[in-house]
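> What follows is coords16.txt, made up of compact mmCIF, N, CA, C and O atoms:
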```
# COMPACT_ATOMS: atom_id res chain seq x y z
N ILE A 1 -25.89 69.15 -54.40
CA ILE A 1 -25.20 69.98 -53.42
C ILE A 1 -23.69 69.66 -53.37
O ILE A 1 -22.88 70.55 -53.17
N ILE A 2 -23.32 68.41 -53.56
CA ILE A 2 -21.91 68.04 -53.51
C ILE A 2 -21.15 68.73 -54.64
O ILE A 2 -20.07 69.27 -54.42
N GLY A 3 -21.71 68.72 -55.83
CA GLY A 3 -21.09 69.39 -56.95
C GLY A 3 -20.93 70.89 -56.71
O GLY A 3 -19.90 71.48 -57.05
N LYS A 4 -21.92 71.51 -56.09
CA LYS A 4 -21.86 72.93 -55.79
C LYS A 4 -20.75 73.22 -54.78
O LYS A 4 -20.01 74.20 -54.93
N ILE A 5 -20.63 72.39 -53.75
CA ILE A 5 -19.58 72.58 -52.75
C ILE A 5 -18.21 72.50 -53.43
O ILE A 5 -17.34 73.36 -53.22
N ILE A 6 -18.02 71.50 -54.27
CA ILE A 6 -16.74 71.32 -54.96
C ILE A 6 -16.48 72.51 -55.89
O ILE A 6 -15.37 73.08 -55.90
N SER A 7 -17.47 72.91 -56.66
CA SER A 7 -17.32 74.04 -57.58
C SER A 7 -17.01 75.33 -56.84
O SER A 7 -16.12 76.09 -57.25
N ASP A 8 -17.72 75.57 -55.74
CA ASP A 8 -17.48 76.79 -54.95
C ASP A 8 -16.08 76.80 -54.37
O ASP A 8 -15.38 77.82 -54.40
N LEU A 9 -15.64 75.67 -53.83
CA LEU A 9 -14.28 75.59 -53.27
C LEU A 9 -13.23 75.84 -54.34
O LEU A 9 -12.20 76.47 -54.08
N SER A 10 -13.48 75.33 -55.54
CA SER A 10 -12.47 75.44 -56.60
C SER A 10 -12.27 76.87 -57.08
O SER A 10 -11.29 77.15 -57.76
N GLU A 11 -13.16 77.77 -56.71
CA GLU A 11 -12.97 79.17 -57.08
C GLU A 11 -11.80 79.79 -56.32
O GLU A 11 -11.16 80.72 -56.82
N ASP A 12 -11.52 79.29 -55.11
CA ASP A 12 -10.46 79.85 -54.28
C ASP A 12 -9.33 78.88 -53.95
O ASP A 12 -8.29 79.30 -53.45
N TYR A 13 -9.56 77.58 -54.18
CA TYR A 13 -8.60 76.57 -53.76
C TYR A 13 -8.39 75.53 -54.85
O TYR A 13 -9.25 75.32 -55.69
N PHE A 14 -7.24 74.86 -54.77
CA PHE A 14 -7.03 73.68 -55.60
C PHE A 14 -7.75 72.53 -54.88
O PHE A 14 -7.47 72.25 -53.72
N VAL A 15 -8.68 71.89 -55.55
CA VAL A 15 -9.51 70.86 -54.93
C VAL A 15 -9.00 69.48 -55.34
O VAL A 15 -8.79 69.20 -56.51
N ASN A 16 -8.81 68.63 -54.34
CA ASN A 16 -8.47 67.23 -54.55
C ASN A 16 -9.43 66.43 -53.68
O ASN A 16 -9.41 66.55 -52.45
N ILE A 17 -10.27 65.61 -54.28
CA ILE A 17 -11.26 64.80 -53.57
C ILE A 17 -10.58 63.57 -53.00
O ILE A 17 -9.94 62.81 -53.73
N ILE A 18 -10.71 63.35 -51.69
CA ILE A 18 -10.19 62.16 -51.03
C ILE A 18 -11.38 61.24 -50.80
O ILE A 18 -12.35 61.61 -50.16
N THR A 19 -11.32 60.02 -51.34
CA THR A 19 -12.47 59.13 -51.26
C THR A 19 -12.05 57.66 -51.20
O THR A 19 -10.99 57.30 -51.68
N GLY A 20 -12.91 56.88 -50.59
CA GLY A 20 -12.78 55.43 -50.64
C GLY A 20 -13.86 54.86 -51.54
O GLY A 20 -14.06 53.65 -51.61
N ASN A 21 -14.60 55.77 -52.21
CA ASN A 21 -15.70 55.42 -53.11
C ASN A 21 -16.79 54.63 -52.41
O ASN A 21 -17.44 53.78 -53.00
N ALA A 22 -17.00 54.91 -51.12
CA ALA A 22 -18.09 54.28 -50.39
C ALA A 22 -19.42 54.77 -50.95
O ALA A 22 -19.50 55.84 -51.56
N ASP A 23 -20.47 53.98 -50.76
CA ASP A 23 -21.80 54.36 -51.23
C ASP A 23 -22.19 55.72 -50.67
O ASP A 23 -21.83 56.07 -49.55
N GLY A 24 -22.94 56.47 -51.46
CA GLY A 24 -23.46 57.75 -51.00
C GLY A 24 -22.61 58.91 -51.46
O GLY A 24 -22.18 58.98 -52.62
N ALA A 25 -22.34 59.83 -50.54
CA ALA A 25 -21.67 61.09 -50.88
C ALA A 25 -20.28 60.87 -51.46
O ALA A 25 -19.88 61.59 -52.38
N GLU A 26 -19.53 59.91 -50.94
CA GLU A 26 -18.18 59.67 -51.47
C GLU A 26 -18.23 59.25 -52.93
O GLU A 26 -17.44 59.72 -53.75
N HIS A 27 -19.14 58.37 -53.26
CA HIS A 27 -19.29 57.90 -54.64
C HIS A 27 -19.72 59.04 -55.56
O HIS A 27 -19.19 59.21 -56.66
N ILE A 28 -20.66 59.84 -55.09
CA ILE A 28 -21.14 60.98 -55.88
C ILE A 28 -20.02 61.99 -56.10
O ILE A 28 -19.83 62.51 -57.21
N ALA A 29 -19.25 62.28 -55.05
CA ALA A 29 -18.14 63.24 -55.17
C ALA A 29 -17.09 62.72 -56.17
O ALA A 29 -16.57 63.49 -56.99
N LEU A 30 -16.79 61.44 -56.10
CA LEU A 30 -15.82 60.86 -57.04
C LEU A 30 -16.33 60.96 -58.47
O LEU A 30 -15.58 61.37 -59.37
N ASN A 31 -17.58 60.62 -58.71
CA ASN A 31 -18.14 60.72 -60.06
C ASN A 31 -18.13 62.16 -60.56
O ASN A 31 -17.81 62.42 -61.73
N PHE A 32 -18.47 63.11 -59.69
CA PHE A 32 -18.44 64.52 -60.06
C PHE A 32 -17.01 64.92 -60.44
O PHE A 32 -16.80 65.60 -61.44
N ALA A 33 -16.04 64.51 -59.64
CA ALA A 33 -14.64 64.84 -59.91
C ALA A 33 -14.21 64.28 -61.27
O ALA A 33 -13.55 64.99 -62.05
N MET A 34 -14.56 63.05 -61.56
CA MET A 34 -14.17 62.44 -62.84
C MET A 34 -14.83 63.13 -64.02
O MET A 34 -14.19 63.39 -65.03
N ARG A 35 -16.12 63.44 -63.89
CA ARG A 35 -16.86 64.08 -64.99
C ARG A 35 -16.40 65.51 -65.24
O ARG A 35 -16.53 66.02 -66.35
N ASN A 36 -15.88 66.17 -64.20
CA ASN A 36 -15.54 67.59 -64.31
C ASN A 36 -14.05 67.87 -64.19
O ASN A 36 -13.65 69.00 -63.96
N ALA A 37 -13.24 66.84 -64.34
CA ALA A 37 -11.77 66.96 -64.39
C ALA A 37 -11.17 67.55 -63.11
O ALA A 37 -10.21 68.31 -63.18
N TYR A 38 -11.72 67.19 -61.96
CA TYR A 38 -11.10 67.56 -60.69
C TYR A 38 -10.15 66.43 -60.28
O TYR A 38 -10.40 65.26 -60.55
N LYS A 39 -9.10 66.80 -59.60
CA LYS A 39 -8.16 65.80 -59.10
C LYS A 39 -8.84 65.03 -57.97
O LYS A 39 -9.62 65.57 -57.21
N PHE A 40 -8.55 63.73 -57.91
CA PHE A 40 -9.10 62.92 -56.82
C PHE A 40 -8.09 61.87 -56.41
O PHE A 40 -7.21 61.47 -57.16
N ASP A 41 -8.22 61.45 -55.17
CA ASP A 41 -7.38 60.41 -54.59
C ASP A 41 -8.34 59.31 -54.14
O ASP A 41 -8.98 59.43 -53.10
N ASN A 42 -8.45 58.27 -54.96
CA ASN A 42 -9.40 57.19 -54.69
C ASN A 42 -8.68 56.06 -53.95
O ASN A 42 -7.85 55.37 -54.52
N ARG A 43 -9.01 55.89 -52.70
CA ARG A 43 -8.39 54.86 -51.86
C ARG A 43 -9.27 53.62 -51.72
O ARG A 43 -9.22 52.93 -50.71
N TYR A 44 -10.07 53.35 -52.74
CA TYR A 44 -10.99 52.21 -52.71
C TYR A 44 -10.26 50.91 -52.38
O TYR A 44 -10.71 50.13 -51.53
N THR A 45 -9.13 50.66 -53.04
CA THR A 45 -8.43 49.39 -52.80
C THR A 45 -7.77 49.35 -51.43
O THR A 45 -7.57 48.28 -50.87
N ASP A 46 -7.43 50.51 -50.88
CA ASP A 46 -6.82 50.57 -49.55
C ASP A 46 -7.83 50.45 -48.42
O ASP A 46 -7.51 49.95 -47.35
N TRP A 47 -9.02 50.99 -48.64
CA TRP A 47 -10.00 51.08 -47.55
C TRP A 47 -11.20 50.16 -47.78
O TRP A 47 -11.44 49.24 -47.03
N THR A 48 -11.96 50.45 -48.82
CA THR A 48 -13.24 49.77 -49.02
C THR A 48 -13.06 48.30 -49.34
O THR A 48 -13.70 47.44 -48.74
N MET A 49 -12.17 47.98 -50.28
CA MET A 49 -11.97 46.58 -50.66
C MET A 49 -11.39 45.75 -49.52
O MET A 49 -11.59 44.55 -49.46
N LEU A 50 -10.65 46.39 -48.63
CA LEU A 50 -10.05 45.68 -47.50
C LEU A 50 -10.94 45.68 -46.26
O LEU A 50 -10.53 45.23 -45.20
N GLY A 51 -12.16 46.21 -46.40
CA GLY A 51 -13.09 46.21 -45.29
C GLY A 51 -12.75 47.22 -44.20
O GLY A 51 -13.20 47.10 -43.07
N LYS A 52 -12.00 48.27 -44.55
CA LYS A 52 -11.59 49.27 -43.58
C LYS A 52 -12.51 50.50 -43.58
O LYS A 52 -12.24 51.45 -42.87
N GLU A 53 -13.58 50.47 -44.38
CA GLU A 53 -14.39 51.68 -44.52
C GLU A 53 -14.98 52.16 -43.20
O GLU A 53 -15.25 53.33 -43.03
N ALA A 54 -15.15 51.28 -42.25
CA ALA A 54 -15.74 51.66 -40.96
C ALA A 54 -14.69 51.83 -39.86
O ALA A 54 -15.03 52.15 -38.74
N SER A 55 -13.43 51.69 -40.20
CA SER A 55 -12.40 51.70 -39.16
C SER A 55 -11.95 53.12 -38.80
O SER A 55 -12.00 54.04 -39.61
N LYS A 56 -11.46 53.25 -37.59
CA LYS A 56 -10.89 54.52 -37.17
C LYS A 56 -9.60 54.80 -37.94
O LYS A 56 -9.27 55.95 -38.21
N GLU A 57 -8.89 53.75 -38.29
CA GLU A 57 -7.66 53.90 -39.07
C GLU A 57 -7.95 54.65 -40.37
O GLU A 57 -7.23 55.56 -40.75
N ARG A 58 -9.02 54.27 -41.06
CA ARG A 58 -9.40 54.93 -42.31
C ARG A 58 -9.73 56.40 -42.05
O ARG A 58 -9.32 57.28 -42.79
N ALA A 59 -10.48 56.66 -40.99
CA ALA A 59 -10.86 58.03 -40.66
C ALA A 59 -9.62 58.90 -40.44
O ALA A 59 -9.55 60.03 -40.93
N TYR A 60 -8.64 58.36 -39.73
CA TYR A 60 -7.42 59.12 -39.47
C TYR A 60 -6.61 59.32 -40.75
O TYR A 60 -6.06 60.39 -40.97
N GLU A 61 -6.56 58.30 -41.60
CA GLU A 61 -5.85 58.46 -42.87
C GLU A 61 -6.52 59.51 -43.74
O GLU A 61 -5.84 60.34 -44.35
N MET A 62 -7.85 59.49 -43.79
CA MET A 62 -8.58 60.49 -44.58
C MET A 62 -8.32 61.89 -44.03
O MET A 62 -8.04 62.82 -44.78
N ALA A 63 -8.42 62.03 -42.72
CA ALA A 63 -8.25 63.35 -42.09
C ALA A 63 -6.83 63.87 -42.31
O ALA A 63 -6.64 65.07 -42.52
N GLN A 64 -5.85 63.00 -42.28
CA GLN A 64 -4.47 63.43 -42.49
C GLN A 64 -4.27 63.96 -43.92
O GLN A 64 -3.50 64.89 -44.14
N LEU A 65 -4.97 63.39 -44.87
CA LEU A 65 -4.84 63.81 -46.27
C LEU A 65 -5.63 65.08 -46.59
O LEU A 65 -5.34 65.75 -47.58
N ALA A 66 -6.60 65.41 -45.77
CA ALA A 66 -7.53 66.50 -46.07
C ALA A 66 -7.13 67.82 -45.40
O ALA A 66 -6.52 67.83 -44.34
N ASP A 67 -7.53 68.92 -46.04
CA ASP A 67 -7.41 70.23 -45.43
C ASP A 67 -8.72 70.62 -44.75
O ASP A 67 -8.73 71.39 -43.80
N ILE A 68 -9.83 70.12 -45.27
CA ILE A 68 -11.15 70.33 -44.68
C ILE A 68 -11.96 69.06 -44.92
O ILE A 68 -11.78 68.39 -45.94
N ILE A 69 -12.83 68.74 -43.98
CA ILE A 69 -13.63 67.53 -44.06
C ILE A 69 -15.10 67.93 -44.15
O ILE A 69 -15.58 68.71 -43.32
N TYR A 70 -15.79 67.41 -45.14
CA TYR A 70 -17.22 67.62 -45.30
C TYR A 70 -17.94 66.34 -44.94
O TYR A 70 -17.62 65.28 -45.49
N LEU A 71 -18.88 66.43 -44.02
CA LEU A 71 -19.65 65.27 -43.58
C LEU A 71 -21.13 65.48 -43.84
O LEU A 71 -21.63 66.60 -43.75
N THR A 72 -21.79 64.40 -44.15
CA THR A 72 -23.23 64.42 -44.36
C THR A 72 -23.84 63.24 -43.64
O THR A 72 -23.14 62.30 -43.26
N GLY A 73 -25.12 63.29 -43.44
CA GLY A 73 -25.80 62.19 -42.77
C GLY A 73 -25.87 62.39 -41.27
O GLY A 73 -25.68 63.49 -40.76
N ASP A 74 -26.10 61.33 -40.57
CA ASP A 74 -26.28 61.35 -39.12
C ASP A 74 -24.94 61.60 -38.42
O ASP A 74 -24.02 60.79 -38.53
N PRO A 75 -24.81 62.71 -37.70
CA PRO A 75 -23.54 62.99 -37.02
C PRO A 75 -23.23 61.99 -35.90
O PRO A 75 -22.10 61.90 -35.44
N ASN A 76 -24.23 61.21 -35.50
CA ASN A 76 -24.03 60.19 -34.47
C ASN A 76 -23.68 58.82 -35.05
O ASN A 76 -23.44 57.88 -34.29
N HIS A 77 -23.69 58.70 -36.37
CA HIS A 77 -23.31 57.45 -37.03
C HIS A 77 -21.83 57.22 -36.77
O HIS A 77 -21.03 58.16 -36.73
N TYR A 78 -21.42 55.97 -36.64
CA TYR A 78 -20.02 55.68 -36.29
C TYR A 78 -19.02 56.22 -37.32
O TYR A 78 -17.92 56.62 -36.97
N LEU A 79 -19.39 56.27 -38.61
CA LEU A 79 -18.47 56.83 -39.61
C LEU A 79 -18.24 58.31 -39.36
O LEU A 79 -17.10 58.79 -39.40
N SER A 80 -19.33 59.04 -39.11
CA SER A 80 -19.20 60.47 -38.81
C SER A 80 -18.45 60.69 -37.52
O SER A 80 -17.61 61.58 -37.42
N LYS A 81 -18.74 59.87 -36.52
CA LYS A 81 -18.04 59.99 -35.25
C LYS A 81 -16.54 59.75 -35.41
O LYS A 81 -15.72 60.48 -34.85
N ASN A 82 -16.18 58.73 -36.17
CA ASN A 82 -14.76 58.43 -36.41
C ASN A 82 -14.06 59.60 -37.10
O ASN A 82 -12.96 60.00 -36.70
N LEU A 83 -14.69 60.14 -38.15
CA LEU A 83 -14.08 61.26 -38.87
C LEU A 83 -14.03 62.52 -38.02
O LEU A 83 -13.05 63.27 -38.06
N THR A 84 -15.06 62.75 -37.24
CA THR A 84 -15.07 63.91 -36.35
C THR A 84 -13.97 63.80 -35.31
O THR A 84 -13.24 64.77 -35.05
N GLU A 85 -13.82 62.63 -34.73
CA GLU A 85 -12.76 62.40 -33.74
C GLU A 85 -11.38 62.65 -34.37
O GLU A 85 -10.53 63.33 -33.79
N ALA A 86 -11.16 62.08 -35.55
CA ALA A 86 -9.88 62.24 -36.22
C ALA A 86 -9.63 63.69 -36.58
O ALA A 86 -8.53 64.22 -36.35
N ALA A 87 -10.64 64.37 -37.11
CA ALA A 87 -10.49 65.77 -37.50
C ALA A 87 -10.18 66.64 -36.29
O ALA A 87 -9.31 67.51 -36.35
N ASN A 88 -10.88 66.42 -35.22
CA ASN A 88 -10.65 67.21 -34.00
C ASN A 88 -9.25 66.99 -33.46
O ASN A 88 -8.56 67.93 -33.08
N GLU A 89 -8.82 65.75 -33.42
CA GLU A 89 -7.49 65.43 -32.91
C GLU A 89 -6.39 66.03 -33.79
O GLU A 89 -5.36 66.48 -33.29
N LEU A 90 -6.63 66.06 -35.11
CA LEU A 90 -5.64 66.58 -36.05
C LEU A 90 -5.85 68.07 -36.35
O LEU A 90 -5.18 68.62 -37.21
N ASN A 91 -6.83 68.67 -35.67
CA ASN A 91 -7.13 70.10 -35.83
C ASN A 91 -7.50 70.46 -37.27
O ASN A 91 -7.02 71.43 -37.83
N LYS A 92 -8.36 69.62 -37.87
CA LYS A 92 -8.84 69.85 -39.24
C LYS A 92 -10.26 70.40 -39.16
O LYS A 92 -11.09 69.90 -38.39
N PRO A 93 -10.59 71.41 -39.96
CA PRO A 93 -11.95 71.94 -39.95
C PRO A 93 -12.94 70.94 -40.54
O PRO A 93 -12.62 70.18 -41.45
N ILE A 94 -14.16 70.97 -39.98
CA ILE A 94 -15.23 70.06 -40.43
C ILE A 94 -16.44 70.93 -40.80
O ILE A 94 -16.76 71.89 -40.10
N SER A 95 -17.09 70.56 -41.88
CA SER A 95 -18.33 71.20 -42.28
C SER A 95 -19.37 70.11 -42.50
O SER A 95 -19.09 69.09 -43.13
N TYR A 96 -20.56 70.32 -41.95
CA TYR A 96 -21.65 69.36 -42.10
C TYR A 96 -22.67 69.91 -43.09
O TYR A 96 -22.91 71.12 -43.14
N PHE A 97 -23.24 69.03 -43.89
CA PHE A 97 -24.31 69.47 -44.80
C PHE A 97 -25.32 68.35 -44.95
O PHE A 97 -25.02 67.18 -44.76
N GLU A 98 -26.54 68.75 -45.31
CA GLU A 98 -27.61 67.79 -45.56
C GLU A 98 -27.47 67.27 -46.97
O GLU A 98 -27.17 68.01 -47.90
N PHE A 99 -27.71 66.00 -47.16
CA PHE A 99 -27.54 65.37 -48.46
C PHE A 99 -28.69 64.40 -48.70
O PHE A 99 -29.03 63.62 -47.82
N GLU A 100 -29.26 64.49 -49.87
CA GLU A 100 -30.27 63.52 -50.28
C GLU A 100 -29.78 62.85 -51.53
O GLU A 100 -29.33 63.50 -52.47
N ASP A 101 -29.82 61.52 -51.54
CA ASP A 101 -29.33 60.72 -52.66
C ASP A 101 -30.13 60.98 -53.91
O ASP A 101 -31.26 61.21 -53.96
```
As structure tokens - that is how I would like this structure written.


Amino acid sequence: IIGKIISDLSEDYFVNIITGNADGAEHIALNFAMRNAYKFDNRYTDWTMLGKEASKERAYEMAQLADIIYLTGDPNHYLSKNLTEAANELNKPISYFEFED
């Protein structure tokens, strides 16, 4: 489903994947981008390696870089809550989807 979302978006938009390469959807999106020559911004060394993957700071940095935010998983999980809060504050659109690894 992640590949389909990226492919569908690329029909109308220039797609740049923003990721910290966290386990799950971020890692899959990054791999899809690399395999299919999509532009990506991998902030692994800024966020994940520094232990910021769960921080609100990371959520705000991601939201500032994004035009739209796609979330998967439990919307009540702190990562989703952080990104939702940041997106709402920055007036960025959010789309939720179901994802199975």

> One decimal, in Å: what's the spacing between atom N of Asp67 in chain A and CA of Phe14 in chain A?

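These two atoms are separated by 10.7 Å.
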
> So the first atom is atom N of Ala54 in chain A and the second is atom N of Lys4 in chain A; what is the distance between them in Å, to one decimal place?

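Atom N of Lys4 in chain A lies at a distance of 25.4 Å from atom N of Ala54 in chain A.
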
> Which residue gives the smallest distance to Ser55 in chain A among A:Phe40, A:Tyr96, A:Tyr70, A:Tyr78, with only N, CA, C and O atoms counted?

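Ranking A:Phe40, A:Tyr96, A:Tyr70, A:Tyr78 by distance to Ser55 in chain A, first place goes to A:Tyr78.
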
> Please, which residues of range 24-88 of chain A, numbered as in this document, come out alpha helix (DSSP H) from DSSP, as a ChimeraX atom specification?

/A:25-35,56-65,78-88

> Using all atoms listed in the file, which protein or nucleic acid residues come within 8 Å of range 72-74 of chain A? Drop anything in the same chain fewer than 5 positions from it, and give the result as JSON, numbers by chain.

{"A": [25, 79, 80, 81, 95, 96, 97, 98, 99, 100]}

> By how many Å are CA of Leu83 in chain A and atom O of Ala59 in chain A apart?

5.1 Å

> Residues at most 8 Å from Pro93 in chain A, counting only N, CA, C and O atoms, excluding those fewer than 5 positions away in the same chain, as a ChimeraX atom specification?

/A:63,66-71,83,87-88

> Counting only C-alpha atoms, figure out which residue out of A:Glu61, A:Lys39, A:Met34, A:Ile2 gets nearest to Gly20 in chain A.

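Distance minimum relative to Gly20 in chain A lands on A:Glu61.
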
> Name the residues of chain A that fall into strand (DSSP E or B) according to DSSP on the backbone, using the chain letters and numbers of this document, as a ChimeraX atom specification.

/A:16-19,39-42,69-72,94-97

> Grab the residues selected above and save them as an mmCIF file, in the frame of the given file with N, CA, C and O atoms.


```cif
data_model
loop_
_atom_site.group_PDB
_atom_site.id
_atom_site.type_symbol
_atom_site.label_atom_id
_atom_site.label_comp_id
_atom_site.auth_asym_id
_atom_site.auth_seq_id
_atom_site.Cartn_x
_atom_site.Cartn_y
_atom_site.Cartn_z
ATOM 1 N N ASN A 16 -8.810 68.630 -54.340
ATOM 2 C CA ASN A 16 -8.470 67.230 -54.550
ATOM 3 C C ASN A 16 -9.430 66.430 -53.680
ATOM 4 O O ASN A 16 -9.410 66.550 -52.450
ATOM 5 N N ILE A 17 -10.270 65.610 -54.280
ATOM 6 C CA ILE A 17 -11.260 64.800 -53.570
ATOM 7 C C ILE A 17 -10.580 63.570 -53.000
ATOM 8 O O ILE A 17 -9.940 62.810 -53.730
ATOM 9 N N ILE A 18 -10.710 63.350 -51.690
ATOM 10 C CA ILE A 18 -10.190 62.160 -51.030
ATOM 11 C C ILE A 18 -11.380 61.240 -50.800
ATOM 12 O O ILE A 18 -12.350 61.610 -50.160
ATOM 13 N N THR A 19 -11.320 60.020 -51.340
ATOM 14 C CA THR A 19 -12.470 59.130 -51.260
ATOM 15 C C THR A 19 -12.050 57.660 -51.200
ATOM 16 O O THR A 19 -10.990 57.300 -51.680
ATOM 17 N N LYS A 39 -9.100 66.800 -59.600
ATOM 18 C CA LYS A 39 -8.160 65.800 -59.100
ATOM 19 C C LYS A 39 -8.840 65.030 -57.970
ATOM 20 O O LYS A 39 -9.620 65.570 -57.210
ATOM 21 N N PHE A 40 -8.550 63.730 -57.910
ATOM 22 C CA PHE A 40 -9.100 62.920 -56.820
ATOM 23 C C PHE A 40 -8.090 61.870 -56.410
ATOM 24 O O PHE A 40 -7.210 61.470 -57.160
ATOM 25 N N ASP A 41 -8.220 61.450 -55.170
ATOM 26 C CA ASP A 41 -7.380 60.410 -54.590
ATOM 27 C C ASP A 41 -8.340 59.310 -54.140
ATOM 28 O O ASP A 41 -8.980 59.430 -53.100
ATOM 29 N N ASN A 42 -8.450 58.270 -54.960
ATOM 30 C CA ASN A 42 -9.400 57.190 -54.690
ATOM 31 C C ASN A 42 -8.680 56.060 -53.950
ATOM 32 O O ASN A 42 -7.850 55.370 -54.520
ATOM 33 N N ILE A 69 -12.830 68.740 -43.980
ATOM 34 C CA ILE A 69 -13.630 67.530 -44.060
ATOM 35 C C ILE A 69 -15.100 67.930 -44.150
ATOM 36 O O ILE A 69 -15.580 68.710 -43.320
ATOM 37 N N TYR A 70 -15.790 67.410 -45.140
ATOM 38 C CA TYR A 70 -17.220 67.620 -45.300
ATOM 39 C C TYR A 70 -17.940 66.340 -44.940
ATOM 40 O O TYR A 70 -17.620 65.280 -45.490
ATOM 41 N N LEU A 71 -18.880 66.430 -44.020
ATOM 42 C CA LEU A 71 -19.650 65.270 -43.580
ATOM 43 C C LEU A 71 -21.130 65.480 -43.840
ATOM 44 O O LEU A 71 -21.630 66.600 -43.750
ATOM 45 N N THR A 72 -21.790 64.400 -44.150
ATOM 46 C CA THR A 72 -23.230 64.420 -44.360
ATOM 47 C C THR A 72 -23.840 63.240 -43.640
ATOM 48 O O THR A 72 -23.140 62.300 -43.260
ATOM 49 N N ILE A 94 -14.160 70.970 -39.980
ATOM 50 C CA ILE A 94 -15.230 70.060 -40.430
ATOM 51 C C ILE A 94 -16.440 70.930 -40.800
ATOM 52 O O ILE A 94 -16.760 71.890 -40.100
ATOM 53 N N SER A 95 -17.090 70.560 -41.880
ATOM 54 C CA SER A 95 -18.330 71.200 -42.280
ATOM 55 C C SER A 95 -19.370 70.110 -42.500
ATOM 56 O O SER A 95 -19.090 69.090 -43.130
ATOM 57 N N TYR A 96 -20.560 70.320 -41.950
ATOM 58 C CA TYR A 96 -21.650 69.360 -42.100
ATOM 59 C C TYR A 96 -22.670 69.910 -43.090
ATOM 60 O O TYR A 96 -22.910 71.120 -43.140
ATOM 61 N N PHE A 97 -23.240 69.030 -43.890
ATOM 62 C CA PHE A 97 -24.310 69.470 -44.800
ATOM 63 C C PHE A 97 -25.320 68.350 -44.950
ATOM 64 O O PHE A 97 -25.020 67.180 -44.760
#
```

> Counting only C-alpha atoms, figure out which residue out of A:Thr48, A:Ala22, A:His77, A:Ala33 gets nearest to Ile5 in chain A.

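Residue with the minimum atom-to-atom distance to Ile5 in chain A: A:Ala33.
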
> Rebuild range 75-79 of chain A to all heavy atoms - output it as a PDB file, in the frame of the given file, please.


```
ATOM      1  N   PRO A  75     -24.810  62.710 -37.700  1.00  0.00           N
ATOM      2  CA  PRO A  75     -23.540  62.990 -37.020  1.00  0.00           C
ATOM      3  C   PRO A  75     -23.230  61.990 -35.900  1.00  0.00           C
ATOM      4  O   PRO A  75     -22.100  61.900 -35.440  1.00  0.00           O
ATOM      5  CB  PRO A  75     -23.714  64.401 -36.460  1.00  0.00           C
ATOM      6  CG  PRO A  75     -25.164  64.667 -36.481  1.00  0.00           C
ATOM      7  CD  PRO A  75     -25.774  63.770 -37.515  1.00  0.00           C
ATOM      8  N   ASN A  76     -24.230  61.210 -35.500  1.00  0.00           N
ATOM      9  CA  ASN A  76     -24.030  60.190 -34.470  1.00  0.00           C
ATOM     10  C   ASN A  76     -23.680  58.820 -35.050  1.00  0.00           C
ATOM     11  O   ASN A  76     -23.440  57.880 -34.290  1.00  0.00           O
ATOM     12  CB  ASN A  76     -25.268  60.077 -33.578  1.00  0.00           C
ATOM     13  CG  ASN A  76     -25.469  61.348 -32.779  1.00  0.00           C
ATOM     14  OD1 ASN A  76     -24.529  61.867 -32.187  1.00  0.00           O
ATOM     15  ND2 ASN A  76     -26.679  61.858 -32.785  1.00  0.00           N
ATOM     16  N   HIS A  77     -23.690  58.700 -36.370  1.00  0.00           N
ATOM     17  CA  HIS A  77     -23.310  57.450 -37.030  1.00  0.00           C
ATOM     18  C   HIS A  77     -21.830  57.220 -36.770  1.00  0.00           C
ATOM     19  O   HIS A  77     -21.030  58.160 -36.730  1.00  0.00           O
ATOM     20  CB  HIS A  77     -23.600  57.556 -38.525  1.00  0.00           C
ATOM     21  CG  HIS A  77     -23.453  56.272 -39.251  1.00  0.00           C
ATOM     22  ND1 HIS A  77     -22.236  55.852 -39.741  1.00  0.00           N
ATOM     23  CD2 HIS A  77     -24.347  55.310 -39.572  1.00  0.00           C
ATOM     24  CE1 HIS A  77     -22.392  54.690 -40.341  1.00  0.00           C
ATOM     25  NE2 HIS A  77     -23.667  54.335 -40.253  1.00  0.00           N
ATOM     26  N   TYR A  78     -21.420  55.970 -36.640  1.00  0.00           N
ATOM     27  CA  TYR A  78     -20.020  55.680 -36.290  1.00  0.00           C
ATOM     28  C   TYR A  78     -19.020  56.220 -37.320  1.00  0.00           C
ATOM     29  O   TYR A  78     -17.920  56.620 -36.970  1.00  0.00           O
ATOM     30  CB  TYR A  78     -19.800  54.185 -36.054  1.00  0.00           C
ATOM     31  CG  TYR A  78     -19.970  53.315 -37.280  1.00  0.00           C
ATOM     32  CD1 TYR A  78     -18.895  53.026 -38.099  1.00  0.00           C
ATOM     33  CD2 TYR A  78     -21.212  52.773 -37.604  1.00  0.00           C
ATOM     34  CE1 TYR A  78     -19.042  52.235 -39.219  1.00  0.00           C
ATOM     35  CE2 TYR A  78     -21.365  51.982 -38.727  1.00  0.00           C
ATOM     36  CZ  TYR A  78     -20.288  51.714 -39.531  1.00  0.00           C
ATOM     37  OH  TYR A  78     -20.444  50.941 -40.641  1.00  0.00           O
ATOM     38  N   LEU A  79     -19.390  56.270 -38.610  1.00  0.00           N
ATOM     39  CA  LEU A  79     -18.470  56.830 -39.610  1.00  0.00           C
ATOM     40  C   LEU A  79     -18.240  58.310 -39.360  1.00  0.00           C
ATOM     41  O   LEU A  79     -17.100  58.790 -39.400  1.00  0.00           O
ATOM     42  CB  LEU A  79     -19.016  56.603 -41.016  1.00  0.00           C
ATOM     43  CG  LEU A  79     -19.090  55.163 -41.498  1.00  0.00           C
ATOM     44  CD1 LEU A  79     -19.794  55.083 -42.843  1.00  0.00           C
ATOM     45  CD2 LEU A  79     -17.706  54.554 -41.578  1.00  0.00           C
TER      46      LEU A  79
END
```
